[in-house]
>>> print(open('upload_11.txt').read())   # compact mmCIF, C-alpha atoms
# COMPACT_ATOMS: atom_id res chain seq x y z
CA MET A 1 88.29 114.17 122.27
CA SER A 2 84.96 115.88 122.53
CA GLY A 3 81.94 115.15 120.39
CA THR A 4 82.23 118.43 118.46
CA ALA A 5 79.32 119.32 116.20
CA LEU A 6 80.21 118.75 112.59
CA PRO A 7 79.79 121.36 109.85
CA ALA A 8 77.68 120.95 106.71
CA ASP A 9 78.05 117.93 104.43
CA ALA A 10 80.67 119.55 102.18
CA ASN A 11 82.90 120.36 105.12
CA ARG A 12 82.26 116.94 106.66
CA ASP A 13 83.45 115.34 103.41
CA ALA A 14 86.56 117.53 103.48
CA LEU A 15 87.33 116.34 107.00
CA LYS A 16 86.77 112.70 106.10
CA ARG A 17 89.01 113.14 103.09
CA ALA A 18 91.75 114.51 105.34
CA ALA A 19 91.38 111.54 107.70
CA ALA A 20 91.54 109.15 104.76
CA GLU A 21 94.74 110.86 103.60
CA ALA A 22 96.26 110.28 107.04
CA ALA A 23 95.37 106.59 106.94
CA VAL A 24 96.84 106.18 103.46
CA GLU A 25 100.19 107.44 104.79
CA LEU A 26 100.48 104.03 106.51
CA VAL A 27 100.80 102.30 103.13
CA GLU A 28 104.36 101.35 102.15
CA ASP A 29 105.95 99.95 99.00
CA GLY A 30 105.19 96.30 98.37
CA MET A 31 102.12 96.11 100.57
CA VAL A 32 98.92 94.22 99.93
CA VAL A 33 96.16 96.68 100.86
CA GLY A 34 92.54 95.90 101.66
CA LEU A 35 90.19 98.44 100.10
CA GLY A 36 87.08 99.20 102.15
CA THR A 37 83.58 100.08 101.05
CA GLY A 38 81.54 103.22 101.66
CA SER A 39 81.81 106.97 101.24
CA THR A 40 84.78 107.38 103.59
CA ALA A 41 86.63 104.39 102.14
CA ALA A 42 86.10 105.89 98.70
CA PHE A 43 88.20 108.89 99.75
CA ALA A 44 90.96 106.47 100.78
CA VAL A 45 90.83 104.81 97.35
CA GLU A 46 91.20 108.23 95.72
CA ALA A 47 94.23 108.99 97.89
CA LEU A 48 95.76 105.59 97.16
CA ALA A 49 95.31 106.12 93.43
CA ARG A 50 97.17 109.42 93.65
CA ARG A 51 100.05 107.83 95.61
CA HIS A 52 100.17 105.02 93.03
CA ARG A 53 100.53 107.59 90.25
CA GLN A 54 103.35 109.16 92.26
CA GLY A 55 105.25 105.85 92.28
CA LEU A 56 104.08 103.91 95.35
CA ARG A 57 103.79 100.23 94.44
CA PHE A 58 101.10 98.10 96.06
CA VAL A 59 98.18 95.88 95.14
CA GLY A 60 94.63 96.13 96.45
CA ILE A 61 92.02 93.56 97.46
CA PRO A 62 88.57 95.20 97.37
CA THR A 63 85.72 94.46 99.78
CA SER A 64 82.94 95.02 97.23
CA GLU A 65 82.24 95.15 93.51
CA ARG A 66 81.64 98.88 93.89
CA THR A 67 85.09 99.45 95.37
CA ALA A 68 86.67 97.18 92.76
CA ALA A 69 85.14 99.27 89.98
CA GLN A 70 86.37 102.52 91.55
CA ALA A 71 89.88 101.12 92.03
CA ARG A 72 90.12 99.83 88.46
CA ALA A 73 88.93 103.14 87.07
CA ALA A 74 91.57 104.91 89.16
CA GLY A 75 94.37 102.63 87.93
CA ILE A 76 94.98 100.74 91.18
CA PRO A 77 96.27 97.20 90.48
CA LEU A 78 94.00 94.60 92.08
CA SER A 79 94.73 91.14 93.39
CA SER A 80 92.84 88.41 95.23
CA PHE A 81 93.19 85.82 97.96
CA ALA A 82 94.30 83.33 95.31
CA GLU A 83 97.56 85.29 95.12
CA HIS A 84 97.76 86.70 98.67
CA ARG A 85 96.38 84.90 101.71
CA GLN A 86 97.29 87.79 103.99
CA ILE A 87 96.81 91.53 103.71
CA ASP A 88 99.29 93.96 105.23
CA LEU A 89 96.86 96.81 105.85
CA THR A 90 93.17 97.41 105.24
CA ILE A 91 91.68 100.91 105.19
CA ASP A 92 87.93 101.07 105.71
CA GLY A 93 85.17 103.12 107.30
CA ALA A 94 82.77 102.26 110.13
CA ASP A 95 79.26 103.14 111.22
CA GLU A 96 80.14 103.34 114.92
CA VAL A 97 83.41 103.25 116.84
CA GLU A 98 83.38 102.56 120.57
CA ARG A 99 85.71 104.85 122.50
CA GLY A 100 88.53 103.05 124.29
CA THR A 101 88.03 99.56 122.85
CA LEU A 102 87.79 100.72 119.22
CA ASN A 103 85.19 97.98 118.65
CA LEU A 104 83.09 98.68 115.56
CA ILE A 105 79.73 98.37 113.90
CA LYS A 106 80.11 98.08 110.14
CA GLY A 107 77.96 97.04 107.24
CA LEU A 108 75.42 99.80 106.64
CA GLY A 109 76.98 100.00 103.18
CA GLY A 110 75.99 96.38 102.57
CA ALA A 111 79.46 94.80 102.30
CA LEU A 112 79.93 93.49 105.84
CA LEU A 113 80.75 89.87 104.95
CA ARG A 114 83.53 90.73 102.52
CA GLU A 115 84.71 93.49 104.84
CA LYS A 116 85.05 91.02 107.70
CA ILE A 117 86.79 88.42 105.53
CA VAL A 118 89.30 91.06 104.45
CA ALA A 119 89.68 92.42 108.01
CA ASN A 120 90.28 88.91 109.36
CA ALA A 121 93.02 88.35 106.80
CA SER A 122 94.67 91.70 107.58
CA ARG A 123 97.62 92.26 109.82
CA ARG A 124 96.25 95.72 110.53
CA LEU A 125 92.86 97.38 110.08
CA ALA A 126 92.89 101.19 109.87
CA ILE A 127 89.49 102.82 110.23
CA VAL A 128 88.52 106.28 109.01
CA VAL A 129 85.40 108.02 110.42
CA ASP A 130 84.00 111.42 111.22
CA GLY A 131 83.49 112.47 114.84
CA ALA A 132 79.76 111.68 114.81
CA LYS A 133 80.61 107.97 114.57
CA LEU A 134 82.37 107.92 117.97
CA VAL A 135 80.16 106.53 120.74
CA ASP A 136 80.61 105.43 124.34
CA ARG A 137 78.81 102.13 123.62
CA LEU A 138 78.04 100.39 120.35
CA GLY A 139 74.40 100.46 119.33
CA THR A 140 73.90 104.05 120.46
CA HIS A 141 72.84 105.19 117.00
CA ALA A 142 73.45 102.41 114.47
CA PRO A 143 71.72 99.04 114.17
CA VAL A 144 73.81 95.90 113.87
CA PRO A 145 73.62 94.61 110.29
CA VAL A 146 73.39 90.81 110.06
CA GLU A 147 73.97 89.10 106.73
CA VAL A 148 71.77 86.02 106.29
CA VAL A 149 71.05 83.49 103.57
CA ALA A 150 67.88 84.10 101.55
CA PHE A 151 66.45 80.65 102.22
CA GLY A 152 64.53 80.62 105.50
CA LEU A 153 64.87 84.38 105.94
CA GLU A 154 61.67 84.51 107.99
CA VAL A 155 62.86 81.77 110.35
CA THR A 156 66.24 83.45 110.83
CA ARG A 157 64.52 86.76 111.50
CA ALA A 158 62.29 85.15 114.14
CA ALA A 159 65.35 83.63 115.87
CA LEU A 160 67.04 87.04 116.01
CA GLU A 161 63.89 88.66 117.35
CA VAL A 162 64.20 86.48 120.46
CA PHE A 163 66.95 88.81 121.75
CA ALA A 164 66.81 91.85 119.45
CA ALA A 165 64.31 94.62 120.09
CA GLU A 166 63.68 95.11 116.38
CA VAL A 167 64.78 93.26 113.25
CA ARG A 168 64.21 95.01 109.91
CA PRO A 169 64.99 93.53 106.48
CA ARG A 170 67.26 95.86 104.50
CA LEU A 171 65.56 97.22 101.38
CA SER A 172 67.07 98.54 98.16
CA PRO A 173 66.13 101.99 96.79
CA SER A 174 63.53 100.27 94.59
CA GLY A 175 61.86 98.78 97.67
CA ASP A 176 62.99 95.20 97.05
CA LEU A 177 65.04 93.20 99.53
CA PHE A 178 68.66 94.34 99.40
CA VAL A 179 70.98 91.71 97.88
CA THR A 180 74.65 91.65 98.86
CA ASP A 181 77.54 90.92 96.49
CA GLY A 182 77.43 87.37 97.84
CA GLY A 183 73.74 86.98 97.01
CA ASN A 184 72.62 87.16 100.64
CA ARG A 185 70.15 89.42 102.48
CA ILE A 186 70.69 91.79 105.43
CA LEU A 187 68.63 92.11 108.60
CA ASP A 188 69.28 95.32 110.59
CA CYS A 189 69.00 94.52 114.30
CA SER A 190 68.37 97.11 117.01
CA PHE A 191 68.63 96.31 120.70
CA ALA A 192 67.10 97.74 123.86
CA GLY A 193 69.71 100.42 124.46
CA PRO A 194 73.46 100.44 123.92
CA ILE A 195 75.24 97.07 123.71
CA ALA A 196 76.87 96.21 127.03
CA ASP A 197 78.83 93.13 125.85
CA PRO A 198 79.42 93.27 122.09
CA ALA A 199 81.71 90.21 122.05
CA ARG A 200 79.03 88.06 123.66
CA LEU A 201 76.39 89.47 121.33
CA GLU A 202 78.55 88.72 118.30
CA ASP A 203 78.85 85.11 119.44
CA ARG A 204 75.12 84.82 120.10
CA ILE A 205 74.22 86.16 116.65
CA ARG A 206 76.72 83.82 115.02
CA ARG A 207 75.03 80.79 116.62
CA VAL A 208 71.70 81.51 114.89
CA VAL A 209 71.22 79.09 112.00
CA GLY A 210 70.94 81.02 108.76
CA VAL A 211 73.27 83.82 109.86
CA VAL A 212 76.31 84.28 107.66
CA GLU A 213 78.05 87.09 109.59
CA SER A 214 77.33 90.17 111.69
CA GLY A 215 78.55 93.74 111.46
CA LEU A 216 80.17 93.62 114.91
CA PHE A 217 83.95 93.94 114.53
CA ILE A 218 85.50 93.17 117.91
CA SER A 219 89.19 93.77 118.74
CA ARG A 220 90.12 94.35 115.12
CA ALA A 221 90.66 98.09 114.56
CA ASP A 222 93.99 99.82 115.09
CA PRO A 223 94.41 102.68 114.49
CA VAL A 224 91.26 104.79 113.99
CA PHE A 225 91.51 108.17 112.28
CA VAL A 226 88.73 110.55 113.37
CA ALA A 227 87.88 113.79 111.61
CA ASP A 228 85.99 116.47 113.53
CA GLY A 229 85.82 120.26 113.76
CA GLN A 230 89.30 120.41 115.31
CA GLY A 231 90.95 118.36 112.55
CA VAL A 232 92.12 114.76 112.31
CA HIS A 233 92.85 112.69 115.41
CA ARG A 234 94.48 109.28 115.61
CA LEU A 235 93.20 106.77 118.18
CA ASP A 236 95.41 103.76 118.90
CA SER A 237 94.21 100.54 120.44
CA ALA A 238 95.46 99.84 123.94
CA ARG A 239 96.69 96.52 122.56
CA ALA A 240 99.16 98.35 120.35
CA HIS A 241 101.29 99.57 123.23
CA ARG A 242 103.77 96.84 124.08
CA GLY A 243 106.55 96.64 126.61
CA TYR A 244 110.19 96.38 125.64
CA PRO A 245 112.43 94.52 125.12
CA PRO A 246 110.30 92.01 123.21
CA VAL A 247 110.12 88.27 123.75
CA LEU A 248 108.90 86.21 120.81
CA VAL A 249 106.99 82.96 121.32
CA VAL A 250 107.26 80.99 118.08
CA MET A 251 104.20 78.74 118.07
CA GLY A 252 102.53 76.15 115.85
CA VAL A 253 102.01 72.43 115.51
CA SER A 254 104.85 69.92 115.30
CA GLY A 255 106.51 70.14 111.90
CA ALA A 256 105.93 73.88 111.46
CA GLY A 257 109.67 74.46 111.68
CA LYS A 258 109.55 76.42 114.94
CA SER A 259 113.10 75.59 116.02
CA THR A 260 114.66 76.19 112.60
CA VAL A 261 112.91 79.53 112.17
CA ALA A 262 113.64 80.58 115.76
CA GLU A 263 117.34 79.78 115.34
CA GLU A 264 117.38 81.83 112.14
CA LEU A 265 115.73 84.74 113.98
CA ALA A 266 118.18 84.48 116.88
CA ALA A 267 121.09 84.54 114.48
CA ARG A 268 119.70 87.54 112.62
CA LEU A 269 118.65 89.57 115.65
CA GLY A 270 121.29 88.48 118.12
CA TRP A 271 118.66 87.60 120.74
CA PRO A 272 118.88 84.71 123.21
CA PHE A 273 117.02 81.59 122.07
CA GLU A 274 115.52 78.77 124.13
CA GLU A 275 114.20 75.52 122.69
CA GLY A 276 110.89 75.12 124.47
CA ASP A 277 110.82 71.35 124.03
CA ALA A 278 113.97 71.14 126.17
CA LEU A 279 111.86 72.34 129.13
CA HIS A 280 109.52 69.34 129.03
CA PRO A 281 109.66 67.09 132.12
CA GLU A 282 111.13 63.66 131.44
CA ALA A 283 107.72 62.03 131.89
CA ASN A 284 106.35 64.13 129.01
CA VAL A 285 109.26 63.20 126.77
CA ALA A 286 108.69 59.51 127.51
CA LYS A 287 104.98 59.73 126.68
CA MET A 288 105.56 61.53 123.39
CA HIS A 289 108.38 59.16 122.46
CA ALA A 290 105.88 56.31 122.97
CA GLY A 291 103.37 58.04 120.71
CA VAL A 292 100.99 59.01 123.55
CA PRO A 293 99.42 62.49 123.27
CA LEU A 294 99.95 64.78 126.25
CA THR A 295 97.01 65.89 128.40
CA ASP A 296 96.44 69.41 129.68
CA ALA A 297 97.69 68.26 133.06
CA ASP A 298 100.90 66.96 131.43
CA ARG A 299 101.48 70.27 129.66
CA GLU A 300 100.86 72.56 132.64
CA PRO A 301 104.31 72.23 134.32
CA TRP A 302 105.97 72.59 130.93
CA LEU A 303 104.02 75.76 130.13
CA GLU A 304 104.93 77.15 133.54
CA SER A 305 108.60 76.49 132.75
CA VAL A 306 108.24 78.36 129.47
CA ALA A 307 106.62 81.27 131.32
CA ALA A 308 109.44 81.21 133.89
CA TRP A 309 112.05 81.50 131.12
CA ILE A 310 110.17 84.46 129.66
CA ASP A 311 109.97 86.13 133.09
CA ALA A 312 113.72 85.64 133.55
CA GLN A 313 114.36 87.50 130.28
CA ARG A 314 112.00 90.27 131.34
CA ALA A 315 113.68 90.58 134.74
CA ALA A 316 117.08 90.82 133.05
CA GLY A 317 115.81 93.43 130.59
CA GLN A 318 116.79 91.18 127.71
CA PRO A 319 114.90 90.23 124.54
CA GLY A 320 114.39 86.58 123.77
CA ILE A 321 112.97 83.94 121.46
CA ILE A 322 111.41 80.71 122.67
CA THR A 323 109.59 77.94 120.85
CA CYS A 324 106.35 76.59 122.24
CA SER A 325 103.52 74.82 120.41
CA ALA A 326 101.00 76.86 122.50
CA LEU A 327 98.16 75.03 120.79
CA LYS A 328 95.28 76.20 122.97
CA ARG A 329 94.23 79.66 124.08
CA SER A 330 94.32 78.43 127.68
CA TYR A 331 97.99 77.44 127.20
CA ARG A 332 98.77 80.87 125.79
CA ARG A 333 97.19 82.50 128.83
CA ILE A 334 99.90 80.82 130.93
CA VAL A 335 102.73 81.72 128.57
CA VAL A 336 101.65 85.22 127.56
CA GLY A 337 99.25 86.25 130.32
CA ASN A 338 99.50 89.99 130.96
CA ARG A 339 103.12 90.21 129.82
CA PRO A 340 103.09 93.14 127.38
CA GLU A 341 106.55 92.30 126.01
CA VAL A 342 105.49 88.90 124.67
CA ARG A 343 104.53 88.56 121.01
CA LEU A 344 103.12 85.41 119.46
CA VAL A 345 104.60 84.36 116.12
CA TYR A 346 102.25 81.77 114.64
CA LEU A 347 103.76 79.54 111.94
CA ARG A 348 100.78 78.45 109.88
CA GLY A 349 100.74 75.76 107.23
CA SER A 350 98.83 72.89 105.70
CA ARG A 351 98.88 69.36 107.07
CA ASP A 352 100.86 68.20 104.03
CA VAL A 353 103.60 70.75 104.65
CA MET A 354 103.85 69.78 108.33
CA ALA A 355 103.91 66.06 107.49
CA ASP A 356 106.65 66.62 104.92
CA HIS A 357 108.75 68.49 107.48
CA LEU A 358 108.28 65.72 110.04
CA ALA A 359 109.25 63.05 107.52
CA LYS A 360 112.58 64.80 107.01
CA ARG A 361 113.25 65.27 110.73
CA SER A 362 115.34 62.82 112.73
CA GLY A 363 116.35 62.47 116.36
CA HIS A 364 113.29 64.19 117.84
CA PHE A 365 111.14 62.60 120.54
CA MET A 366 107.91 63.82 118.91
CA PRO A 367 106.81 61.14 116.38
CA ALA A 368 105.01 62.02 113.17
CA SER A 369 102.07 59.90 114.33
CA LEU A 370 101.09 62.64 116.81
CA LEU A 371 100.70 65.34 114.15
CA GLN A 372 96.97 64.79 113.74
CA SER A 373 96.39 65.02 117.50
CA GLN A 374 98.16 68.39 117.48
CA ILE A 375 96.09 69.63 114.54
CA ASP A 376 92.92 68.50 116.33
CA THR A 377 93.99 70.32 119.50
CA LEU A 378 95.08 73.54 117.77
CA GLU A 379 93.06 76.69 118.48
CA GLU A 380 94.46 79.28 116.11
CA PRO A 381 95.22 82.61 117.81
CA GLY A 382 92.52 85.23 117.32
CA PRO A 383 92.87 88.93 116.47
CA ASP A 384 92.65 89.87 120.16
CA GLU A 385 95.91 87.95 120.75
CA GLU A 386 97.61 90.04 118.05
CA PRO A 387 99.74 87.28 116.60
CA LEU A 388 102.22 87.74 113.79
CA ILE A 389 100.99 85.09 111.33
CA VAL A 390 103.45 83.75 108.79
CA ASP A 391 102.80 80.94 106.35
CA VAL A 392 105.44 78.20 106.33
CA GLY A 393 106.61 76.44 103.20
CA PRO A 394 109.36 78.79 102.02
CA ALA A 395 112.89 78.38 103.36
CA ALA A 396 113.41 79.22 107.03
CA SER A 397 115.49 82.25 106.06
CA GLN A 398 112.56 83.65 104.05
CA VAL A 399 110.12 82.99 106.89
CA ALA A 400 112.50 84.78 109.27
CA ASP A 401 112.76 87.69 106.83
CA GLU A 402 108.97 88.05 106.87
CA ILE A 403 108.80 87.92 110.67
CA ILE A 404 111.46 90.60 110.95
CA ARG A 405 109.59 92.73 108.41
CA LEU A 406 106.38 92.42 110.43
CA LEU A 407 108.18 93.28 113.65
CA GLY A 408 109.66 96.31 111.95
CA ALA A 409 106.19 97.46 110.96
CA SER A 410 105.28 97.91 114.63
CA ALA A 411 108.64 99.12 115.96
CA THR A 412 112.17 99.74 114.76
CA LEU A 413 114.14 96.99 116.44
CA ARG A 414 117.85 96.78 117.14
CA PRO A 415 119.75 93.62 118.08
CA GLY A 416 119.97 94.74 121.70
CA GLY A 417 116.19 94.82 121.96
CA THR A 418 115.90 98.59 122.12
CA ARG A 419 113.48 100.67 120.15
CA GLY A 420 114.80 102.85 117.37
>>> encode(input="upload_11.txt", output="structure tokens")
Amino acid sequence: MSGTALPADANRDALKRAAAEAAVELVEDGMVVGLGTGSTAAFAVEALARRHRQGLRFVGIPTSERTAAQARAAGIPLSSFAEHRQIDLTIDGADEVERGTLNLIKGLGGALLREKIVANASRRLAIVVDGAKLVDRLGTHAPVPVEVVAFGLEVTRAALEVFAAEVRPRLSPSGDLFVTDGGNRILDCSFAGPIADPARLEDRIRRVVGVVESGLFISRADPVFVADGQGVHRLDSARAHRGYPPVLVVMGVSGAGKSTVAEELAARLGWPFEEGDALHPEANVAKMHAGVPLTDADREPWLESVAAWIDAQRAAGQPGIITCSALKRSYRRIVVGNRPEVRLVYLRGSRDVMADHLAKRSGHFMPASLLQSQIDTLEEPGPDEEPLIVDVGPAASQVADEIIRLLGASATLRPGGTRG
């Protein structure tokens, strides 16, 4: 798509409205929807309000007080994280979108912290922008907003100036320091040219004491709706295109109910199921039975066996489901690697829930005493790994229902593993 010159503001708003309408078409009955902040997101809220009046049932979680006020006035029912820990879809705008990666700069509207909290809790983040926001590299036009605590603002600014070319405190229209909904301040950081490694920069900013969050959104957006002089275009993340048939890796700490949920899935979908623990070498089983945590070296041959089972399913053109704790990212690199068919299903729950499950389990070589070591080892999968995250606690059949619903949101699946 070319960087076509945009028409006057009225026409630009009409294009952004059309792009927002396209994004809102992703909303389905029963969804929890994140409501973004900014002029483009406001068009999405308008479109959502109209669909709600037409009978679509959903609840919204707003990213700012401004958006909450607009949604209430429009009759959109609102909720919060107290009722919903996960959001099905968030629709928001962006200040820059990097072509290809769909990495973002957000936060010029002043709501970056809440926007990132909502994005992180979302299964999908749809972005709506006009064509002027598309860039080859982030930082081409927009600064990176950094939300910081008010105390020690000058010290935090000095720390950022070590690697930023310019750091400017955000001001309100009255000339005072801008105050976010969370009571923080914003420093707008410009760098010497476009940002070559935004993921590394995000990490470096995060390590500065006093920083709350940055406006770099890495590996989160999919899809992006772009409005330009030729109309509305949809850009999909490369991560969205998966191979078929799918292989599910049901992961989580001991006591998450991986085997029970996987068996329920296998029964519902008619896919082959393998109990990953059955692939452990005898030496590993003996150590765990004795209450001795496994080392990375102990786990490596087991993880390779899990990967071999997955590759056998792929070679046979068959779907599959396998359980594997997959606690560390390095373990998941062995199991998932560059296999596009593999999808992580992360069963997430509190320590109390896991301990309760373990107390009711009998005949397994993994003792309850090792639960804490697994929790300590766990590195939860990040957005770039595109996990399906499901909270455990409900009955296994309900957890399986949710997993199947999430799978259906990305592809229509049939028991044979084909795409509908």
>>> atom_distance(input="upload_11.txt", atom1="atom CA of Val32 of chain A", atom2="atom CA of Ala20 of chain A")
17.3 Å
>>> residues_near_point(input="upload_11.txt", point="(113.7, 81.6, 123.8)", cutoff="6 Å", atoms="only C-alpha atoms", output="PDB file with C-alpha atoms, in the frame of the given file")
ATOM      1  CA  PHE A 273     117.020  81.590 122.070  1.00  0.00           C
ATOM      2  CA  GLU A 274     115.520  78.770 124.130  1.00  0.00           C
ATOM      3  CA  GLY A 320     114.390  86.580 123.770  1.00  0.00           C
ATOM      4  CA  ILE A 321     112.970  83.940 121.460  1.00  0.00           C
ATOM      5  CA  ILE A 322     111.410  80.710 122.670  1.00  0.00           C
TER       6      ILE A 322
END
>>> closest_atom_pairs(input="upload_11.txt", of="segment 229-314 of chain A", to="segment 324-330 of chain A", cutoff="6 Å", atoms="all atoms listed in the file", output="JSON lines")
{"residue": "A:Met251", "atom": "CA", "partner": "A:Ser325", "partner_atom": "CA", "distance": 4.6}
{"residue": "A:Gly252", "atom": "CA", "partner": "A:Ser325", "partner_atom": "CA", "distance": 4.9}
{"residue": "A:Val253", "atom": "CA", "partner": "A:Ser325", "partner_atom": "CA", "distance": 5.7}
{"residue": "A:Gly276", "atom": "CA", "partner": "A:Cys324", "partner_atom": "CA", "distance": 5.3}
>>> write_last_selection(input="upload_11.txt", atoms="C-alpha atoms", output="PDB file, keeping the file's coordinate frame")
ATOM      1  CA  MET A 251     104.200  78.740 118.070  1.00  0.00           C
ATOM      2  CA  GLY A 252     102.530  76.150 115.850  1.00  0.00           C
ATOM      3  CA  VAL A 253     102.010  72.430 115.510  1.00  0.00           C
ATOM      4  CA  GLY A 276     110.890  75.120 124.470  1.00  0.00           C
TER       5      GLY A 276
END
>>> closest_residue(input="upload_11.txt", among="A:Arg200, A:Lys106, A:Arg51, A:Arg57", to="Phe217 of chain A", atoms="all atoms listed in the file")
A:Lys106
>>> residues_around(input="upload_11.txt", residues="Ile91 of chain A", least_positions_apart="5", cutoff="9 Å", atoms="all atoms listed in the file", output="number ranges by chain")
A: 20, 23-24, 33-36, 41, 44-45, 124-128
>>> atom_distance(input="upload_11.txt", atom1="atom CA of Gln86 of chain A", atom2="atom CA of Leu344 of chain A")
16.7 Å
>>> residues_around(input="upload_11.txt", residues="segment 218-233 of chain A", least_positions_apart="5", cutoff="8 Å", atoms="all atoms listed in the file", output="ChimeraX atom specification")
/A:4-7,12,15-16,18-20,22-23,101-104,119-120,124-132,198-199,240,383-384
>>> residues_around(input="upload_11.txt", residues="Gln70 of chain A", least_positions_apart="3", cutoff="8 Å", atoms="all atoms listed in the file", output="list of chain:residue names")
A:Ala42, A:Val45, A:Arg66, A:Thr67, A:Ala73, A:Ala74
>>> closest_residue(input="upload_11.txt", among="A:Leu56, A:Val306, A:Val342, A:Ala266", to="His280 of chain A", atoms="only C-alpha atoms")
A:Val306
>>> residues_around(input="upload_11.txt", residues="Pro387 of chain A", least_positions_apart="2", cutoff="6 Å", atoms="all atoms listed in the file", output="count of residues only")
4
>>> closest_residue(input="upload_11.txt", among="A:Leu171, A:Ala82, A:Ala192, A:Leu160", to="Val209 of chain A", atoms="all atoms listed in the file")
A:Leu160
>>> residues_near_point(input="upload_11.txt", point="(118.4, 78.9, 116.6)", cutoff="10 Å", atoms="all atoms listed in the file", output="PyMOL selection string")
chain A and resi 258-268+271-275+321-323
>>> residues_around(input="upload_11.txt", residues="Arg204 of chain A", least_positions_apart="3", cutoff="12 Å", atoms="all atoms listed in the file", output="PyMOL selection string")
chain A and resi 146+159-160+162-164+197-201+207-209+211+213-214+216
>>> atom_distance(input="upload_11.txt", atom1="atom CA of Asp401 of chain A", atom2="atom CA of Asp376 of chain A")
29.2 Å
>>> closest_residue(input="upload_11.txt", among="A:Lys133, A:Glu21, A:Arg348, A:Gln372", to="Gly291 of chain A", atoms="only C-alpha atoms")
A:Gln372
>>> closest_residue(input="upload_11.txt", among="A:Val335, A:Ser64, A:Arg17, A:Ser254", to="Glu46 of chain A", atoms="all atoms listed in the file")
A:Arg17
>>> decode(input="upload_11.txt", residues="segment 83-117 of chain A", atoms="C-alpha atoms", output="PDB file, in the first residue's frame")
ATOM      1  CA  GLU A  83     -15.612  -9.117  36.477  1.00  0.00           C
ATOM      2  CA  HIS A  84     -13.487 -10.066  33.440  1.00  0.00           C
ATOM      3  CA  ARG A  85      -9.784 -10.845  33.644  1.00  0.00           C
ATOM      4  CA  GLN A  86      -9.537 -11.278  29.888  1.00  0.00           C
ATOM      5  CA  ILE A  87     -10.818  -9.233  26.974  1.00  0.00           C
ATOM      6  CA  ASP A  88     -11.833 -10.866  23.705  1.00  0.00           C
ATOM      7  CA  LEU A  89     -11.063  -7.919  21.435  1.00  0.00           C
ATOM      8  CA  THR A  90      -9.768  -4.388  21.915  1.00  0.00           C
ATOM      9  CA  ILE A  91     -10.249  -1.697  19.264  1.00  0.00           C
ATOM     10  CA  ASP A  92      -7.896   1.261  19.543  1.00  0.00           C
ATOM     11  CA  GLY A  93      -5.926   3.770  17.513  1.00  0.00           C
ATOM     12  CA  ALA A  94      -2.168   4.311  17.212  1.00  0.00           C
ATOM     13  CA  ASP A  95       0.239   7.147  16.549  1.00  0.00           C
ATOM     14  CA  GLU A  96       2.543   5.082  14.332  1.00  0.00           C
ATOM     15  CA  VAL A  97       2.295   1.603  12.834  1.00  0.00           C
ATOM     16  CA  GLU A  98       5.418  -0.094  11.505  1.00  0.00           C
ATOM     17  CA  ARG A  99       4.850  -1.813   8.178  1.00  0.00           C
ATOM     18  CA  GLY A 100       5.348  -5.570   8.260  1.00  0.00           C
ATOM     19  CA  THR A 101       5.739  -6.046  12.013  1.00  0.00           C
ATOM     20  CA  LEU A 102       2.676  -3.972  12.949  1.00  0.00           C
ATOM     21  CA  ASN A 103       4.591  -2.732  16.010  1.00  0.00           C
ATOM     22  CA  LEU A 104       3.100   0.473  17.384  1.00  0.00           C
ATOM     23  CA  ILE A 105       3.733   3.761  19.104  1.00  0.00           C
ATOM     24  CA  LYS A 106       0.736   4.776  21.200  1.00  0.00           C
ATOM     25  CA  GLY A 107       0.032   7.235  23.949  1.00  0.00           C
ATOM     26  CA  LEU A 108      -0.044  10.703  22.403  1.00  0.00           C
ATOM     27  CA  GLY A 109      -3.606  10.838  23.725  1.00  0.00           C
ATOM     28  CA  GLY A 110      -2.264  10.387  27.251  1.00  0.00           C
ATOM     29  CA  ALA A 111      -3.765   6.981  28.090  1.00  0.00           C
ATOM     30  CA  LEU A 112      -0.839   4.690  27.286  1.00  0.00           C
ATOM     31  CA  LEU A 113      -0.690   2.856  30.640  1.00  0.00           C
ATOM     32  CA  ARG A 114      -4.342   1.858  30.661  1.00  0.00           C
ATOM     33  CA  GLU A 115      -4.168   1.126  26.942  1.00  0.00           C
ATOM     34  CA  LYS A 116      -1.285  -1.272  27.485  1.00  0.00           C
ATOM     35  CA  ILE A 117      -2.959  -2.953  30.466  1.00  0.00           C
TER      36      ILE A 117
END
